[in-house]
>>> print(open('start_38.cif').read())   # mmCIF, C-alpha atoms
data_coords
#
loop_
_atom_site.label_atom_id
_atom_site.label_comp_id
_atom_site.auth_asym_id
_atom_site.auth_seq_id
_atom_site.Cartn_x
_atom_site.Cartn_y
_atom_site.Cartn_z
CA MET L 1 14.12 18.39 4.66
CA SER L 2 11.35 16.77 2.58
CA ASP L 3 7.73 17.72 3.20
CA ILE L 4 5.91 15.47 5.66
CA ILE L 5 3.07 13.51 4.05
CA PHE L 6 1.76 11.56 7.07
CA SER L 7 2.30 12.52 10.70
CA ALA L 8 1.06 10.36 13.56
CA GLN L 9 1.32 11.63 17.13
CA ASN L 10 0.47 9.02 19.78
CA ILE L 11 -2.48 7.62 17.83
CA SER L 12 -4.60 4.72 19.05
CA LYS L 13 -7.53 2.87 17.52
CA PHE L 14 -9.94 0.69 19.54
CA PHE L 15 -12.58 -1.85 18.52
CA THR L 16 -15.29 -3.22 20.79
CA GLN L 17 -16.14 -6.92 20.67
CA GLY L 18 -19.04 -7.49 23.04
CA LYS L 19 -17.78 -6.34 26.44
CA LYS L 20 -14.15 -6.54 25.34
CA THR L 21 -12.17 -3.61 23.93
CA VAL L 22 -9.34 -4.46 21.55
CA ARG L 23 -6.48 -2.05 20.85
CA ALA L 24 -5.70 -2.38 17.14
CA VAL L 25 -3.24 0.53 17.14
CA ASP L 26 -1.68 1.56 20.44
CA ASP L 27 0.12 4.89 21.00
CA VAL L 28 1.88 4.97 17.62
CA SER L 29 3.97 7.94 16.41
CA PHE L 30 5.83 8.45 13.13
CA ASP L 31 6.40 10.80 10.19
CA ILE L 32 6.52 9.76 6.52
CA ALA L 33 8.20 12.17 4.11
CA ASP L 34 7.22 13.01 0.54
CA GLY L 35 8.67 10.50 -1.92
CA GLU L 36 9.59 7.85 0.67
CA ILE L 37 8.89 4.15 0.45
CA VAL L 38 8.04 2.97 3.95
CA SER L 39 7.16 -0.62 4.81
CA ILE L 40 4.99 -1.50 7.80
CA VAL L 41 5.95 -5.05 8.71
CA GLY L 42 4.36 -7.46 11.17
CA GLY L 43 2.48 -10.69 11.68
CA SER L 44 -1.25 -11.27 11.33
CA GLY L 45 -3.31 -9.17 13.76
CA CYS L 46 -0.48 -6.79 14.67
CA GLY L 47 -2.44 -3.72 13.57
CA LYS L 48 -0.62 -2.89 10.33
CA SER L 49 -3.72 -3.04 8.11
CA VAL L 50 -5.72 -0.93 10.57
CA LEU L 51 -2.94 1.65 10.48
CA ALA L 52 -3.09 1.59 6.67
CA LYS L 53 -6.84 2.23 6.79
CA ILE L 54 -6.28 5.23 9.07
CA MET L 55 -3.91 6.59 6.39
CA LEU L 56 -6.64 6.03 3.80
CA GLY L 57 -9.22 7.82 5.92
CA LEU L 58 -11.34 4.65 6.26
CA TYR L 59 -10.82 4.67 10.03
CA HIS L 60 -10.36 7.61 12.36
CA GLN L 61 -8.05 7.33 15.35
CA ASP L 62 -9.70 7.32 18.78
CA LYS L 63 -6.75 9.03 20.47
CA GLY L 64 -3.87 11.19 19.32
CA VAL L 65 -3.39 13.33 16.21
CA PHE L 66 -3.11 12.05 12.65
CA LEU L 67 -2.36 14.50 9.83
CA TYR L 68 -2.06 14.30 6.07
CA LYS L 69 0.13 17.12 4.74
CA GLY L 70 -0.31 18.95 8.02
CA LYS L 71 -4.11 18.69 8.23
CA PRO L 72 -6.62 16.18 9.66
CA ILE L 73 -8.48 13.98 7.15
CA THR L 74 -12.01 15.40 7.17
CA ASN L 75 -13.25 14.61 3.65
CA THR L 76 -12.46 11.08 2.44
CA ARG L 77 -13.52 11.79 -1.15
CA GLU L 78 -11.06 14.68 -1.40
CA HIS L 79 -8.42 12.58 0.38
CA TRP L 80 -8.80 9.81 -2.21
CA ASN L 81 -7.98 12.32 -4.95
CA GLU L 82 -4.41 12.08 -3.68
CA VAL L 83 -4.23 8.82 -1.69
CA GLN L 84 -5.10 5.51 -3.33
CA SER L 85 -4.65 1.86 -2.40
CA VAL L 86 -4.05 -1.64 -3.72
CA PHE L 87 -5.06 -4.66 -1.63
CA GLN L 88 -4.19 -8.34 -1.58
CA ASP L 89 -7.50 -9.47 -3.13
CA PRO L 90 -7.87 -7.73 -6.51
CA PHE L 91 -11.15 -9.54 -7.28
CA GLY L 92 -12.75 -7.88 -4.25
CA CYS L 93 -11.88 -4.47 -5.71
CA PHE L 94 -13.66 -4.97 -9.05
CA ASN L 95 -17.33 -5.59 -9.82
CA GLN L 96 -17.63 -8.95 -11.60
CA PHE L 97 -20.60 -7.73 -13.67
CA PHE L 98 -18.86 -4.87 -15.46
CA SER L 99 -15.99 -4.99 -17.92
CA ILE L 100 -12.51 -4.18 -16.67
CA ARG L 101 -12.06 -1.26 -19.05
CA ALA L 102 -15.39 0.27 -18.02
CA GLN L 103 -14.30 0.11 -14.37
CA LEU L 104 -10.90 1.61 -15.09
CA LYS L 105 -12.68 4.53 -16.79
CA ASP L 106 -15.22 4.85 -13.96
CA ALA L 107 -12.36 5.20 -11.46
CA PHE L 108 -11.81 8.75 -12.74
CA GLY L 109 -15.12 9.71 -11.13
CA ILE L 110 -13.31 10.07 -7.80
CA LEU L 111 -11.17 12.92 -9.14
CA LYS L 112 -12.09 16.50 -8.35
CA ASN L 113 -11.14 17.62 -11.86
CA LYS L 114 -12.32 14.80 -14.09
CA PRO L 115 -10.52 14.61 -17.45
CA SER L 116 -12.36 14.61 -20.78
CA LYS L 117 -13.61 11.30 -22.22
CA GLN L 118 -10.82 11.33 -24.79
CA GLU L 119 -8.15 11.91 -22.14
CA ILE L 120 -9.62 9.16 -19.96
CA GLU L 121 -9.41 6.68 -22.85
CA GLN L 122 -5.82 7.72 -23.51
CA ARG L 123 -4.78 7.49 -19.85
CA VAL L 124 -6.37 4.04 -19.49
CA ASP L 125 -4.44 2.82 -22.57
CA GLU L 126 -1.19 4.29 -21.23
CA ALA L 127 -1.80 2.75 -17.80
CA LEU L 128 -2.38 -0.70 -19.28
CA LEU L 129 0.79 -0.46 -21.34
CA ALA L 130 2.68 0.62 -18.18
CA VAL L 131 1.90 -2.79 -16.65
CA ASN L 132 2.71 -4.63 -19.92
CA VAL L 133 -0.89 -5.26 -20.98
CA LYS L 134 -2.07 -4.45 -24.49
CA PRO L 135 -5.39 -2.58 -24.31
CA SER L 136 -6.81 -4.99 -26.89
CA ASP L 137 -6.04 -7.93 -24.57
CA ILE L 138 -8.65 -6.84 -22.02
CA GLU L 139 -11.20 -5.36 -24.43
CA GLY L 140 -14.64 -6.69 -23.50
CA LYS L 141 -13.25 -8.84 -20.70
CA TYR L 142 -14.62 -9.19 -17.18
CA PRO L 143 -12.67 -9.71 -13.93
CA PHE L 144 -13.58 -13.42 -13.65
CA GLU L 145 -11.89 -14.04 -17.02
CA LEU L 146 -8.45 -13.01 -15.71
CA SER L 147 -6.00 -14.68 -13.33
CA GLY L 148 -5.09 -13.28 -9.91
CA GLY L 149 -1.80 -11.95 -11.24
CA GLN L 150 -3.52 -10.26 -14.19
CA MET L 151 -6.10 -8.70 -11.89
CA GLN L 152 -3.37 -7.39 -9.63
CA ARG L 153 -1.95 -5.69 -12.72
CA MET L 154 -5.37 -4.12 -13.31
CA LEU L 155 -5.27 -2.65 -9.80
CA LEU L 156 -1.84 -1.19 -10.54
CA ALA L 157 -3.04 0.06 -13.93
CA ARG L 158 -5.75 1.99 -12.11
CA ILE L 159 -3.05 3.65 -10.01
CA PHE L 160 -1.02 4.53 -13.11
CA ALA L 161 -4.16 6.03 -14.66
CA LEU L 162 -5.25 8.10 -11.64
CA LYS L 163 -1.70 9.20 -10.72
CA PRO L 164 -2.24 9.79 -6.97
CA LYS L 165 0.43 11.35 -4.77
CA VAL L 166 0.39 8.46 -2.28
CA LEU L 167 -0.14 4.71 -2.64
CA ILE L 168 -1.03 2.42 0.25
CA ALA L 169 -0.13 -1.12 -0.85
CA ASP L 170 -1.55 -3.67 1.63
CA GLU L 171 -0.04 -7.13 0.98
CA PRO L 172 -0.34 -6.71 -2.82
CA THR L 173 1.87 -9.75 -3.53
CA SER L 174 0.57 -12.28 -1.00
CA MET L 175 -1.89 -14.05 -3.34
CA VAL L 176 0.40 -14.52 -6.35
CA ASP L 177 3.35 -16.78 -7.16
CA ALA L 178 7.00 -15.73 -6.92
CA CYS L 179 7.36 -14.77 -10.59
CA VAL L 180 4.24 -12.54 -10.57
CA ARG L 181 5.33 -11.14 -7.19
CA ALA L 182 8.59 -9.92 -8.71
CA ASN L 183 6.69 -8.26 -11.57
CA ILE L 184 4.34 -6.47 -9.19
CA LEU L 185 7.28 -5.15 -7.17
CA ASP L 186 8.85 -3.91 -10.39
CA TYR L 187 5.62 -2.06 -11.22
CA LEU L 188 5.52 -0.52 -7.74
CA MET L 189 9.06 0.76 -8.21
CA LYS L 190 8.05 2.06 -11.64
CA LEU L 191 5.22 4.00 -9.97
CA LYS L 192 7.73 5.51 -7.57
CA VAL L 193 10.08 6.57 -10.39
CA ASP L 194 7.53 7.66 -13.01
CA LEU L 195 5.12 9.49 -10.70
CA GLY L 196 7.39 10.50 -7.81
CA MET L 197 4.96 8.71 -5.55
CA THR L 198 5.08 8.15 -1.79
CA ILE L 199 4.44 4.45 -1.12
CA VAL L 200 3.42 2.80 2.15
CA PHE L 201 3.94 -0.94 1.75
CA VAL L 202 2.15 -3.20 4.26
CA THR L 203 3.58 -6.71 4.50
CA HIS L 204 4.44 -9.63 6.80
CA ASP L 205 7.67 -10.24 4.85
CA ILE L 206 10.64 -8.32 6.28
CA GLY L 207 12.91 -9.68 3.54
CA LEU L 208 10.72 -8.15 0.84
CA ALA L 209 10.51 -4.90 2.82
CA TYR L 210 14.30 -4.80 3.00
CA TYR L 211 14.60 -4.78 -0.79
CA VAL L 212 12.05 -2.04 -1.55
CA SER L 213 12.04 0.37 1.40
CA ASP L 214 13.72 3.58 2.47
CA ARG L 215 12.55 2.86 6.04
CA ILE L 216 10.89 -0.01 7.86
CA PHE L 217 8.42 0.08 10.77
CA ILE L 218 8.00 -3.17 12.72
CA MET L 219 4.59 -3.63 14.37
CA HIS L 220 3.72 -6.09 17.13
CA GLU L 221 0.60 -6.20 19.27
CA ALA L 222 -0.62 -2.82 17.97
CA LYS L 223 2.64 -0.97 18.66
CA VAL L 224 5.59 0.10 16.50
CA VAL L 225 8.41 -1.75 18.27
CA ASP L 226 11.26 -0.99 15.86
CA GLN L 227 11.90 1.42 13.01
CA GLY L 228 14.72 2.76 10.89
CA LYS L 229 16.61 2.22 7.65
CA PRO L 230 16.39 -1.36 6.33
CA GLU L 231 20.04 -2.14 7.06
CA ASP L 232 19.75 -0.81 10.63
CA VAL L 233 16.54 -2.71 11.41
CA THR L 234 17.76 -6.00 9.92
CA GLN L 235 21.34 -5.92 11.20
CA HIS L 236 20.74 -4.21 14.56
CA PRO L 237 17.21 -5.24 15.62
CA LYS L 238 15.86 -3.48 18.70
CA SER L 239 12.98 -5.83 19.44
CA GLN L 240 12.44 -9.57 19.79
CA GLN L 241 9.67 -9.36 17.19
CA THR L 242 12.16 -8.06 14.60
CA VAL L 243 14.44 -11.01 15.42
CA ARG L 244 11.54 -13.45 14.94
CA LEU L 245 10.61 -11.89 11.58
CA LEU L 246 14.25 -12.16 10.46
CA GLU L 247 14.32 -15.83 11.48
CA ASP L 248 11.40 -16.48 9.12
CA ILE L 249 13.41 -15.31 6.09
CA PRO L 250 14.76 -18.18 3.93
CA ASP L 251 18.48 -18.77 4.55
CA ILE L 252 19.57 -17.63 1.08
CA ASN L 253 17.88 -14.25 1.51
CA ARG L 254 19.20 -13.87 5.06
CA GLU L 255 22.78 -14.35 3.87
CA TRP L 256 22.23 -11.80 1.10
CA ILE L 257 20.99 -9.23 3.63
CA LYS L 258 24.03 -9.83 5.86
CA LYS L 259 26.30 -9.07 2.92
#
>>> encode(input="start_38.cif", output="structure tokens")
Amino acid sequence: MSDIIFSAQNISKFFTQGKKTVRAVDDVSFDIADGEIVSIVGGSGCGKSVLAKIMLGLYHQDKGVFLYKGKPITNTREHWNEVQSVFQDPFGCFNQFFSIRAQLKDAFGILKNKPSKQEIEQRVDEALLAVNVKPSDIEGKYPFELSGGQMQRMLLARIFALKPKVLIADEPTSMVDACVRANILDYLMKLKVDLGMTIVFVTHDIGLAYYVSDRIFIMHEAKVVDQGKPEDVTQHPKSQQTVRLLEDIPDINREWIKK
């Protein structure tokens, strides 16, 4: 059996809004194995992004036990040596006042064993080429000079450069058009193949999750209401929320899944 990367045992996360307490994650349990691609699927406000932030160490669960490689997350800086993320808004992840290349090089500062300056330059060049960008094309350029799709590539280039063990991808394709979306998914699969990476893909699109995942978790109202292999979840849904998500898939994709 593969090593377990993430293990959640009855975890819950609460937020207080005035006198009201909101359960963002409610009594959730799962294991994610090394090398898996797992998609967490659900509508807006279901708790999937909060769960992703617990995996990143940005939030700590209020109840239950959450482990990374068998241990609690106690040092976020060390955790980020191995677990990195891409989000839906790439412009929010880069400082508009510094060049893109400078920020890609600065990203190595998070690593415990920082490479030499020469190796950093080489790894940045290799990472850019991995997402089909010539290093000369971004030389001296700033984030505001690139499109959303190009900036999303820069986020993925940073992942290629840092080579983490785990990637948390939170809606990385939601702000780009269909053509760019397909390219980003190709790059994510390339990360999986080239780096042997574990990927947790957070999305509202069950059709997209079906194509890329080894397993799918369906979230609704802070709970995991369905989970399993993509073909099991889509063809034998166990919850009404799964059925609703499937009904939102365009007809042509739904017929393809049935086949």
>>> resolve_selection(input="start_38.cif", expression="the PyMOL selection byres ((chain L and resi 5-12) around 8)", output="MDAnalysis selection string")
chainID L and resid 3:4 13:14 23:34 55 61:70
>>> atom_distance(input="start_38.cif", atom1="CA of Gly35 in chain L", atom2="CA of Lys192 in chain L")
7.6 Å
>>> closest_residue(input="start_38.cif", among="L:Arg101, L:Lys48, L:Lys229, L:His204", to="Met154 in chain L", atoms="all atoms listed in the file")
L:Arg101
>>> atom_distance(input="start_38.cif", atom1="CA of Ile168 in chain L", atom2="CA of Leu56 in chain L")
7.6 Å
>>> resolve_selection(input="start_38.cif", expression="the PyMOL selection byres ((chain L and resi 194) around 12)", output="ChimeraX atom specification")
/L:35,127,130,159-161,163-165,186-193,195-198
>>> closest_residue(input="start_38.cif", among="L:Asn113, L:Gln227, L:Gln88, L:Asn183", to="Gly148 in chain L", atoms="only C-alpha atoms")
L:Gln88
>>> resolve_selection(input="start_38.cif", expression="the PyMOL selection byres ((chain L and resi 49) around 10)", output="VMD selection string")
chain L and resid 24 to 25 40 to 42 44 to 48 50 to 55 87 168 to 171 202 to 203
>>> atom_distance(input="start_38.cif", atom1="CA of Val166 in chain L", atom2="CA of Pro115 in chain L")
19.7 Å
